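Input: a single structure, listed below in structure tokens.
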Amino acid sequence: MVLVIACALLLLTVFLWVVMSGKLRPGKAPPHVSEGPPIVGNLIGFGGGKRGPLDFIERNFHVHGGAYSMQVAHKTLTFLVGPKASAPFFQNRDDVFSQPEVYGFMTQVFGKGVVYDATPPKRKAQNVNMSRGLRADRLKSYVPKILRETEAYFAEKWGESGTADLLVTLSELTILTASRCLHGDDVRENLFAQVSEIYHDLDKGITPLSFFWPTAPVEGHRKRDAARLKMVELFGDVIKARRRQTPEQAAARTDILQVFVDMVYKDGTKATDDEITGLLIALLFAGQHTSSVTSTWTQLYILADDKLAARVRAEQADVVGGAAAPLVFDDLNKMALLHNCMKEALRMHPPLIMLMRKAMRAVPIETDAGARYVIPKGDVVFAAPAIQGRLATCWTAPDAFDPDRYAPGREEHAMPFAHIGFGGGIHQCMGQQFGYCQVKTILSWLNRNYDMEIVSEFPEPDYTAMVVGPKGKPMVRYVRKAAAA
């Protein structure tokens, strides 16, 4: 009897493994990957490479083509690699490829009723108002704010000459400028130290464990939850003061906090203090790491090539002038080379190496090689900007930093969904114009005011981080230029 039960359990285990390993998936589903020992092999292969999951994604792309799947526990993960293969990922709305289904774990940080936890009408209103706060007329008012923070920061932290960790420098400056533009002068000048400290605990409270078990009773999650409560309390007083303003005082404010305070949903209600705080947290999360690592990579690549550095300096002299010359918003649109340097940094080192959706119904796709599949309902679907940005089928010498690939006559980025550093399609990052404005303003001022050289090894990407920046300490030596206009 015991032997019969043991055999039955063994057969049941084998059957479940067959089902979960994808061997009983629909015939038109993408090919299924199975690496290493049963149950744990795919998980080991996925996370065990030098470049984290990128080694797994690239290895199987070369074997299986632009669409393939693997099983991890009860989840089927499907990867789409290549502009044509990933096009449906970016073109479809949440009723086809859903963001809330896979990013719901961020509700612990953003809060209830915000972004991925919001109902479709409420989320639409939140996105519309975010867009209002990031449109061109607002960006024009942000440039003086960014310059003010930049000048004050380097006067205090760098001075005339010395050495500095460029990543630390630009990370600190990014959150200062973001606070000034997004939160407003009252928060930046009175509450910034507290906001920065609380944000640190929120940021560290998101780990790979959070994706699978967002409420796991671990120290990072406890600090995260406590930090969110503190943030709501902190911003609550500011929001109440904003609500007591006269219409004229409110109209004079250009920060996004004021946009959220003024926001009215379709049903006539206003956002709660908790929702406004969640939206501000979401904006910080979206922009802080993206801008800090992108500005760092951009500047490092400029400094690593003497000819490119000379061209960037010449463009700055032509567009703006010397170190003391005033910079205005319209100047940023004339900095084609600096813009393309930033675009190239995003191609080579996108801050988010993978993007996720959940298939809410079966979706037909075609790979760049012409293979046709149907992604089954329920699959967690991935696009991989870090792989797509290095495809030899899309880019000339894809591992070389070459900002001229975007210039007239070449325009290698013209193929839809080849460059997805800011995502693409209907869910393309709405903050990308703010990101370009913020980074170009900072780097314009930095390259006009300092001569710099790299004094450490050129860094490798840190694939252990949730947002991939340079590993270690990218050190630069700097000397302040004369302040001639």
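In the structure tokens, chains take letters A, B, ... by order of appearance, with residues numbered from 1 within each chain and ligands from 1 in the order shown.
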
Closest atom pairs, residues of region 364-407 of chain A within 9 Å of region 326-347 of chain A, only C-alpha atoms, as a Markdown table:
```
| residue | atom | partner | partner_atom | distance |
| --- | --- | --- | --- | --- |
| A:Pro385 | CA | A:Arg347 | CA | 7.7 |
| A:Ala386 | CA | A:Arg347 | CA | 7.4 |
| A:Gln388 | CA | A:Arg347 | CA | 8.4 |
| A:Gly389 | CA | A:Arg347 | CA | 5.0 |
| A:Arg390 | CA | A:Arg347 | CA | 7.7 |
| A:Phe401 | CA | A:Glu344 | CA | 6.6 |
| A:Asp402 | CA | A:Glu344 | CA | 6.8 |
| A:Pro403 | CA | A:Cys341 | CA | 5.0 |
| A:Asp404 | CA | A:Asn340 | CA | 7.1 |
| A:Arg405 | CA | A:Asn340 | CA | 8.4 |
| A:Tyr406 | CA | A:Asn340 | CA | 6.5 |
| A:Ala407 | CA | A:Asn340 | CA | 7.9 |
```

* Asked: Quick one: residues within 9 Å of Val114 (chain A), only C-alpha atoms counted, chain neighbours fewer than 4 positions away excluded, as number ranges by chain?
  -> A: 107, 110, 118-119, 122-123, 126, 274-276, 278-279, 282

* **All residues 9 Å or closer to region 211-223 of chain A, only C-alpha atoms, same chain fewer than 6 positions away omitted, as a list in words** =>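 Neighbouring residues, sequence-local ones excluded: Val102, Tyr103, Gly104, Phe105, Met106, Thr107, Gln108, Asp201, Leu202, Lys204 and Gly205 of chain A.
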
Which residues, written as a PDB file with C-alpha atoms, in the first residue's frame, have at least one atom at most 9 Å from Pro31 (chain A), with only C-alpha atoms counted and residues fewer than 5 positions away on the same chain left out?
```pdb
ATOM      1  CA  GLY A  22       5.204  24.222 -20.398  1.00  0.00           C
ATOM      2  CA  HIS A  64      15.232  30.125 -29.816  1.00  0.00           C
ATOM      3  CA  ALA A  67      10.120  34.755 -28.439  1.00  0.00           C
ATOM      4  CA  TYR A  68      10.455  31.981 -25.873  1.00  0.00           C
ATOM      5  CA  SER A  69       9.090  31.032 -22.454  1.00  0.00           C
ATOM      6  CA  MET A  70      10.236  29.457 -19.227  1.00  0.00           C
ATOM      7  CA  TYR A 373       3.388  32.481 -32.111  1.00  0.00           C
TER       8      TYR A 373
END
```

* Go through region 53-278 of chain A and collect every residue that DSSP, computed from the backbone, puts in strand (DSSP E or B); the answer should be as a PyMOL selection string. => chain A and resi 67-72+75-80+97-98+161-165+264+270

What are the closest atom pairs, with distances in Å to one decimal, for each residue of region 213-331 of chain A lying within 9 Å of region 415-435 of chain A, using only C-alpha atoms, rows by chain and rising residue number, as a Markdown table?
```
| residue | atom | partner | partner_atom | distance |
| --- | --- | --- | --- | --- |
| A:Leu283 | CA | A:Gly431 | CA | 8.3 |
| A:Ala286 | CA | A:Gly431 | CA | 7.9 |
| A:Gly287 | CA | A:Gly435 | CA | 7.1 |
| A:Thr290 | CA | A:Gly435 | CA | 7.9 |
| A:Ser291 | CA | A:Gly435 | CA | 6.0 |
```

* To do: Just the residues within 10 Å of Ala87 (chain A), please, counting only C-alpha atoms, with nothing from its chain fewer than 3 positions along; format it as JSON, numbers by chain.
  => {"A": [80, 81, 82, 83, 84, 90, 91, 92, 365, 366, 367, 383, 416, 417, 418, 424, 425]}

* Among the residues A:His413, A:Arg59, A:His183, A:Lys112, the one that comes closest to Val195 (chain A) [using only C-alpha atoms] -> A:His183

* Asked: If you count only C-alpha atoms, which residues fall within 8 Å of Tyr265 (chain A), apart from same-chain ones fewer than 5 positions away, as a ChimeraX atom specification?
  -> /A:122,125,270-271

* What's the 12 Å shell around region 237-246 of chain A, counting only C-alpha atoms, without same-chain residues fewer than 6 positions away, as a VMD selection string? -> chain A and resid 183 to 188 190 to 191 230 to 231 252 to 253 255 257 to 263 270 to 277 280

* **From A:Thr269, A:Ser161, A:Gln288, A:Ser86, residue lying nearest Leu173 (chain A) [only C-alpha atoms]** =>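 Ranking A:Thr269, A:Ser161, A:Gln288, A:Ser86 by distance to Leu173 (chain A), first place goes to A:Gln288.
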
* To do: Measure the distance from CA of Leu166 (chain A) to CA of Gly322 (chain A) in Å and round it to one decimal.
  => 22.4 Å

* Between CA of Met130 (chain A) and CA of Leu234 (chain A), what is the distance, to one decimal in Å? -> 21.2 Å

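Distance annotation: of A:Gly162, A:Val115, A:Val455, A:Asn447, the residue with the minimal separation from Glu315 (chain A) is A:Asn447; atom set is only C-alpha atoms.
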
* Asked: To one decimal place, how far is CA of Ala324 (chain A) from CA of Trp445 (chain A) in Å?
  ->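 Atom-to-atom, CA of Ala324 (chain A) and CA of Trp445 (chain A) are spaced 9.1 Å apart.
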